[in-house]
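Coordinates as given in upload21.cif (mmCIF, C-alpha atoms):
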data_my_file
#
loop_
_atom_site.label_atom_id
_atom_site.label_comp_id
_atom_site.auth_asym_id
_atom_site.auth_seq_id
_atom_site.Cartn_x
_atom_site.Cartn_y
_atom_site.Cartn_z
CA MET A 105 3.74 4.39 163.52
CA ASN A 106 7.09 4.82 161.81
CA MET A 107 9.67 2.09 162.13
CA LYS A 108 12.91 3.18 163.77
CA LYS A 109 15.64 3.95 161.23
CA THR A 110 19.06 5.06 162.43
CA VAL A 111 21.32 6.76 159.89
CA ILE A 112 25.02 7.69 159.93
CA ILE A 113 26.38 10.52 157.76
CA HIS A 114 30.11 10.71 157.18
CA GLN A 115 32.68 11.41 154.47
CA PRO A 116 34.04 8.33 152.65
CA ASP A 117 37.39 8.23 154.44
CA PHE A 118 40.25 5.92 153.49
CA ALA A 119 40.57 2.74 155.60
CA PRO A 120 39.01 4.35 158.70
CA TYR A 121 39.68 3.55 162.35
CA ILE A 122 37.43 1.16 164.27
CA GLY A 123 35.36 3.95 165.83
CA PHE A 124 34.03 4.63 162.33
CA PHE A 125 32.77 1.04 162.07
CA HIS A 126 31.54 0.90 165.65
CA ARG A 127 28.63 3.11 164.59
CA PHE A 128 27.68 0.54 161.94
CA LEU A 129 26.79 -1.88 164.73
CA HIS A 130 24.05 0.52 165.82
CA ALA A 131 22.74 1.86 162.50
CA ASP A 132 20.60 0.88 159.53
CA LEU A 133 22.14 3.05 156.80
CA TYR A 134 25.46 4.75 156.04
CA LEU A 135 24.84 7.95 154.08
CA VAL A 136 28.11 8.70 152.29
CA LEU A 137 28.82 12.44 152.33
CA ASP A 138 30.57 12.52 148.96
CA HIS A 139 29.44 15.85 147.47
CA VAL A 140 31.13 18.15 150.02
CA GLN A 141 34.49 19.85 149.55
CA PHE A 142 37.60 17.69 149.67
CA VAL A 143 39.76 18.96 152.53
CA ASN A 144 43.52 18.61 152.21
CA GLY A 145 46.53 20.03 153.98
CA THR A 146 45.12 20.23 157.52
CA SER A 147 45.53 18.00 160.54
CA ARG A 148 41.83 17.11 160.25
CA ALA A 149 42.16 15.84 156.69
CA TRP A 150 41.36 12.13 156.84
CA THR A 151 39.61 11.54 153.52
CA HIS A 152 42.74 10.46 151.64
CA ARG A 153 44.82 9.06 154.50
CA ASP A 154 44.89 7.23 157.82
CA LYS A 155 47.55 6.15 160.28
CA ILE A 156 49.37 2.85 160.68
CA LYS A 157 51.98 1.88 163.28
CA THR A 158 55.71 1.66 162.58
CA PRO A 159 58.82 1.20 164.77
CA LYS A 160 58.92 5.01 164.94
CA GLY A 161 55.29 5.31 166.03
CA ALA A 162 52.18 6.31 164.11
CA GLN A 163 52.72 7.22 160.45
CA TRP A 164 50.36 8.50 157.78
CA LEU A 165 49.46 6.18 154.92
CA THR A 166 48.44 8.70 152.26
CA LEU A 167 46.75 8.20 148.90
CA SER A 168 48.29 10.22 146.08
CA VAL A 169 45.72 12.47 144.40
CA LYS A 170 45.82 14.93 141.52
CA ASN A 171 45.89 18.61 142.37
CA SER A 172 42.42 20.09 142.03
CA PRO A 173 40.70 23.44 142.69
CA ARG A 174 39.96 24.20 146.33
CA ASP A 175 36.19 23.70 146.05
CA THR A 176 36.41 20.30 144.33
CA PRO A 177 33.94 17.84 145.89
CA ILE A 178 35.25 14.56 147.27
CA ASN A 179 33.60 12.55 144.50
CA ARG A 180 35.49 14.45 141.76
CA VAL A 181 39.01 14.11 143.21
CA GLU A 182 41.14 11.91 140.96
CA LEU A 183 43.86 9.52 142.03
CA SER A 184 47.37 10.14 140.71
CA LYS A 185 48.40 8.14 137.67
CA ASN A 186 52.03 9.24 137.51
CA VAL A 187 52.87 8.02 141.03
CA ASN A 188 52.84 4.31 141.78
CA TRP A 189 51.24 4.76 145.20
CA ARG A 190 49.62 1.33 145.08
CA VAL A 191 53.02 -0.40 145.06
CA ASP A 192 54.36 2.06 147.64
CA HIS A 193 51.47 1.39 150.02
CA LEU A 194 51.83 -2.36 149.82
CA ARG A 195 55.58 -2.06 150.46
CA ILE A 196 54.94 0.12 153.51
CA LEU A 197 52.31 -2.26 154.87
CA GLU A 198 54.45 -5.32 154.22
CA ALA A 199 57.51 -3.73 155.82
CA ASN A 200 55.68 -2.73 159.00
CA TYR A 201 53.29 -5.65 159.48
CA ARG A 202 55.14 -8.68 158.11
CA ASN A 203 55.82 -9.79 161.69
CA ALA A 204 52.23 -9.24 162.82
CA PRO A 205 50.44 -12.43 163.96
CA PHE A 206 47.82 -12.31 161.21
CA TYR A 207 49.84 -10.82 158.35
CA GLU A 208 49.27 -13.81 156.06
CA GLU A 209 45.51 -13.73 156.69
CA ILE A 210 45.09 -10.01 155.97
CA ILE A 211 47.61 -9.08 153.26
CA PRO A 212 45.76 -10.92 150.42
CA HIS A 213 42.72 -8.70 151.02
CA LEU A 214 44.91 -5.61 150.71
CA ARG A 215 46.63 -6.85 147.59
CA ASN A 216 43.19 -7.37 146.08
CA LEU A 217 42.12 -3.86 147.14
CA TYR A 218 45.18 -2.20 145.62
CA ASN A 219 44.71 -4.23 142.44
CA GLN A 220 41.42 -2.47 141.71
CA SER A 221 41.74 -0.14 138.72
CA VAL A 222 39.61 2.82 139.79
CA SER A 223 40.34 6.43 138.90
CA PHE A 224 38.66 8.43 141.67
CA LEU A 225 39.50 8.78 145.33
CA MET A 226 35.93 8.14 146.42
CA GLU A 227 35.75 4.88 144.49
CA PHE A 228 38.91 3.57 146.11
CA ASN A 229 37.87 4.74 149.58
CA LEU A 230 34.49 3.03 149.29
CA LEU A 231 36.25 -0.16 148.22
CA SER A 232 38.42 0.09 151.33
CA ILE A 233 35.34 0.66 153.50
CA GLU A 234 33.47 -2.23 151.91
CA MET A 235 36.48 -4.51 152.42
CA LEU A 236 36.62 -3.53 156.10
CA MET A 237 32.85 -3.91 156.51
CA ASP A 238 33.15 -7.48 155.29
CA LEU A 239 36.23 -8.30 157.40
CA LEU A 240 34.67 -6.77 160.53
CA ASP A 241 31.21 -8.17 159.74
CA VAL A 242 29.42 -4.82 160.00
CA ARG A 243 27.93 -4.45 156.53
CA ILE A 244 24.98 -2.04 156.25
CA PRO A 245 23.44 -0.43 153.14
CA THR A 246 24.98 2.76 151.78
CA MET A 247 23.55 5.80 150.00
CA LEU A 248 25.44 8.64 148.29
CA SER A 249 24.61 12.22 149.28
CA SER A 250 25.40 13.35 145.72
CA GLU A 251 22.44 11.32 144.45
CA GLN A 252 19.93 12.93 146.84
CA SER A 253 19.84 16.48 145.39
CA PRO A 254 21.38 17.76 148.64
CA GLN A 255 20.25 21.17 149.90
CA GLY A 256 21.79 23.56 152.43
CA ALA A 257 24.94 23.41 154.52
CA LYS A 258 25.95 22.24 157.99
CA ASN A 259 22.87 21.42 160.11
CA GLU A 260 20.45 22.16 157.28
CA LEU A 261 22.30 19.78 154.98
CA LEU A 262 22.30 16.96 157.52
CA ILE A 263 18.59 17.39 158.20
CA ASP A 264 17.81 17.47 154.47
CA LEU A 265 19.72 14.23 153.87
CA LEU A 266 18.26 12.50 156.92
CA GLN A 267 14.72 13.36 155.85
CA LYS A 268 15.38 12.04 152.35
CA ALA A 269 16.74 8.83 153.86
CA GLY A 270 13.63 8.43 156.04
CA ALA A 271 15.66 8.62 159.25
CA THR A 272 14.04 8.65 162.68
CA HIS A 273 17.43 8.77 164.46
CA TYR A 274 20.79 10.33 163.57
CA LEU A 275 23.81 8.57 165.09
CA SER A 276 26.61 11.13 165.32
CA GLY A 277 30.20 10.94 166.45
CA GLY A 278 31.13 13.01 169.49
CA GLY A 279 33.23 15.41 167.45
CA ALA A 280 30.06 17.04 166.09
CA ARG A 281 28.93 18.32 169.51
CA ASP A 282 30.62 21.67 168.84
CA TYR A 283 28.43 22.56 165.87
CA LEU A 284 25.39 20.30 165.83
CA GLU A 285 22.22 22.14 166.91
CA GLU A 286 20.28 19.25 168.36
CA HIS A 287 17.00 21.12 168.76
CA ARG A 288 16.74 21.67 165.01
CA PHE A 289 16.74 17.94 164.42
CA ASN A 290 14.19 17.41 167.17
CA ASP A 291 11.96 20.03 165.56
CA VAL A 292 11.56 17.84 162.46
CA GLY A 293 11.13 14.61 164.39
CA ILE A 294 14.69 13.27 164.17
CA GLU A 295 16.36 12.21 167.41
CA VAL A 296 20.10 12.78 167.69
CA VAL A 297 21.95 9.85 169.27
CA TRP A 298 25.57 10.31 170.33
CA GLN A 299 28.05 7.53 169.72
CA ASN A 300 29.19 5.85 172.94
CA PHE A 301 32.64 4.58 172.00
CA THR A 302 35.59 3.77 174.21
CA HIS A 303 38.61 2.77 172.17
CA PRO A 304 39.53 -0.82 173.10
CA VAL A 305 43.14 -1.74 173.77
CA TYR A 306 44.49 -4.69 171.78
CA PRO A 307 47.95 -6.22 171.23
CA GLN A 308 50.13 -4.16 168.85
CA LEU A 309 53.64 -4.33 167.49
CA PHE A 310 56.29 -1.74 168.42
CA GLY A 311 55.75 -0.88 172.06
CA GLU A 312 53.03 1.04 173.84
CA PHE A 313 49.47 0.96 172.52
CA VAL A 314 48.53 3.74 170.10
CA PRO A 315 44.78 4.34 169.59
CA ASN A 316 42.90 5.71 166.57
CA LEU A 317 44.93 3.95 163.89
CA SER A 318 43.42 2.56 160.71
CA SER A 319 41.39 -0.60 161.24
CA LEU A 320 44.12 -2.32 159.23
CA ASP A 321 46.32 -2.24 162.34
CA LEU A 322 43.67 -4.09 164.36
CA LEU A 323 43.25 -6.72 161.64
CA PHE A 324 46.96 -7.42 161.23
CA ASN A 325 47.39 -7.80 164.97
CA CYS A 326 44.20 -9.65 165.92
CA GLY A 327 42.99 -11.32 162.72
CA ILE A 328 39.47 -11.30 161.30
CA SER A 329 37.81 -13.21 164.15
CA GLY A 330 39.74 -11.35 166.85
CA ALA A 331 39.09 -7.94 165.27
CA ARG A 332 35.35 -8.60 165.22
CA GLN A 333 35.47 -9.39 168.93
CA VAL A 334 37.59 -6.33 169.76
CA LEU A 335 35.25 -4.03 167.83
CA ARG A 336 32.23 -5.37 169.66
CA SER A 337 33.96 -4.98 173.02
CA ALA A 338 33.94 -1.18 172.66
CA ALA A 339 31.29 0.53 174.79
#
Any chance you could put this one into structure tokens?
Amino acid sequence: MNMKKTVIIHQPDFAPYIGFFHRFLHADLYLVLDHVQFVNGTSRAWTHRDKIKTPKGAQWLTLSVKNSPRDTPINRVELSKNVNWRVDHLRILEANYRNAPFYEEIIPHLRNLYNQSVSFLMEFNLLSIEMLMDLLDVRIPTMLSSEQSPQGAKNELLIDLLQKAGATHYLSGGGARDYLEEHRFNDVGIEVVWQNFTHPVYPQLFGEFVPNLSSLDLLFNCGISGARQVLRSAA
């Protein structure tokens, strides 16, 4: 009898929101979807940016990347070298979170992150995810899709990767309900499990609570210990 193995598949986004990490509490492997096309210039483009909170509301914190052909995969997108985005990001974070209760606890981790001399977007994003996994205490193993000789697209691609990872269960975010054909997974013995996540409310700076911000916002406002508790309080 096969042991249960629950796998997540998702692009390596920059400093994701806590719903991203909530799945890690219920999974055995994060399969990094790094070989698919880098999407830029749409409202659904999260790979190179996420939102923080400012006195004017939510604001994008965006990594500067080199222009590349439209079909460039995520793992081949290079970070800009002629724009000092590392310094700019730290200034933005310091300006907006210096009065947060746990600023002094969290900012050294970000200074260390931005001090890493990597050249590719995916490398930096994975460093941000690994940092957040450690701070939120949700570390699970990772595997790169680009190293699995991926085949197919959409549902076929997911099934191919899940089979190569030895998955018995696929834990998917609710946003995939529009295109995921559940019966096709069932046909090959993989059970689709839908994430059950209710965004928790926690203390924030600057007025009314805004959900779906980068996990950095949670950490600055609640600290490492508090953020771990808030994450685990989500349904």
message: Would you pick out the contacts of region 162-165 of chain A at 9 Å or less, using only C-alpha atoms, so that residues sharing its chain but fewer than 6 positions from it are not included, and give the list as an MDAnalysis selection string?
response: chainID A and resid 152:156 193 196:197 314 317
Any chance you can output those residues with C-alpha atoms as a PDB file, keeping the file's coordinate frame?
ATOM      1  CA  HIS A 152      42.740  10.460 151.640  1.00  0.00           C
ATOM      2  CA  ARG A 153      44.820   9.060 154.500  1.00  0.00           C
ATOM      3  CA  ASP A 154      44.890   7.230 157.820  1.00  0.00           C
ATOM      4  CA  LYS A 155      47.550   6.150 160.280  1.00  0.00           C
ATOM      5  CA  ILE A 156      49.370   2.850 160.680  1.00  0.00           C
ATOM      6  CA  HIS A 193      51.470   1.390 150.020  1.00  0.00           C
ATOM      7  CA  ILE A 196      54.940   0.120 153.510  1.00  0.00           C
ATOM      8  CA  LEU A 197      52.310  -2.260 154.870  1.00  0.00           C
ATOM      9  CA  VAL A 314      48.530   3.740 170.100  1.00  0.00           C
ATOM     10  CA  LEU A 317      44.930   3.950 163.890  1.00  0.00           C
TER      11      LEU A 317
END
task: Extract, using only C-alpha atoms, all DNA, RNA and protein residues at most 12 Å from region 183-187 of chain A, discarding same-chain residues fewer than 5 positions from it, and format them as a VMD selection string.
output: chain A and resid 152 166 to 172 178 192 to 193 221 to 229
Test item: the PyMOL selection byres ((chain A and resi 177) around 9) resolved as a PyMOL selection string: chain A and resi 138-143+174-176+178-181
Output the selection as an mmCIF file, in the coordinates of the input - C-alpha atoms for each residue.
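Result file selection-v1.cif:
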data_model
loop_
_atom_site.group_PDB
_atom_site.id
_atom_site.type_symbol
_atom_site.label_atom_id
_atom_site.label_comp_id
_atom_site.auth_asym_id
_atom_site.auth_seq_id
_atom_site.Cartn_x
_atom_site.Cartn_y
_atom_site.Cartn_z
ATOM 1 C CA ASP A 138 30.570 12.520 148.960
ATOM 2 C CA HIS A 139 29.440 15.850 147.470
ATOM 3 C CA VAL A 140 31.130 18.150 150.020
ATOM 4 C CA GLN A 141 34.490 19.850 149.550
ATOM 5 C CA PHE A 142 37.600 17.690 149.670
ATOM 6 C CA VAL A 143 39.760 18.960 152.530
ATOM 7 C CA ARG A 174 39.960 24.200 146.330
ATOM 8 C CA ASP A 175 36.190 23.700 146.050
ATOM 9 C CA THR A 176 36.410 20.300 144.330
ATOM 10 C CA ILE A 178 35.250 14.560 147.270
ATOM 11 C CA ASN A 179 33.600 12.550 144.500
ATOM 12 C CA ARG A 180 35.490 14.450 141.760
ATOM 13 C CA VAL A 181 39.010 14.110 143.210
#
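Here the PyMOL selection byres ((chain A and resi 323) around 10) captures the residues Ala204, Pro205, Phe206, Tyr207, Glu209, Ile210, Ile211, Leu236, Leu239, Leu240, Ser318, Ser319, Leu320, Asp321, Leu322, Phe324, Asn325, Cys326, Gly327, Ile328, Ser329, Gly330, Ala331, Arg332 and Val334 of chain A.
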message: At a cut-off of 9 Å, using only C-alpha atoms, what residues contact Phe310 (chain A)? Leave out same-chain residues fewer than 6 positions from it and give the result as a ChimeraX atom specification.
response: /A:157-161
message: I want to know what sits within 12 Å of Gly270 (chain A), based on only C-alpha atoms, with residues of the same chain fewer than 2 positions away left out; could you give that as number ranges by chain?
response: A: 106-111, 132-133, 135, 247, 263-268, 272-274, 292-294
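Interatomic distance, CA of Gln220 (chain A) against CA of Asn203 (chain A): 25.7 Å.
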query: What gap, in Å, lies between CA of Trp298 (chain A) and CA of Ser276 (chain A)?
result: 5.2 Å
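The space separating CA of Ala280 (chain A) from CA of Met237 (chain A) comes to 23.2 Å.
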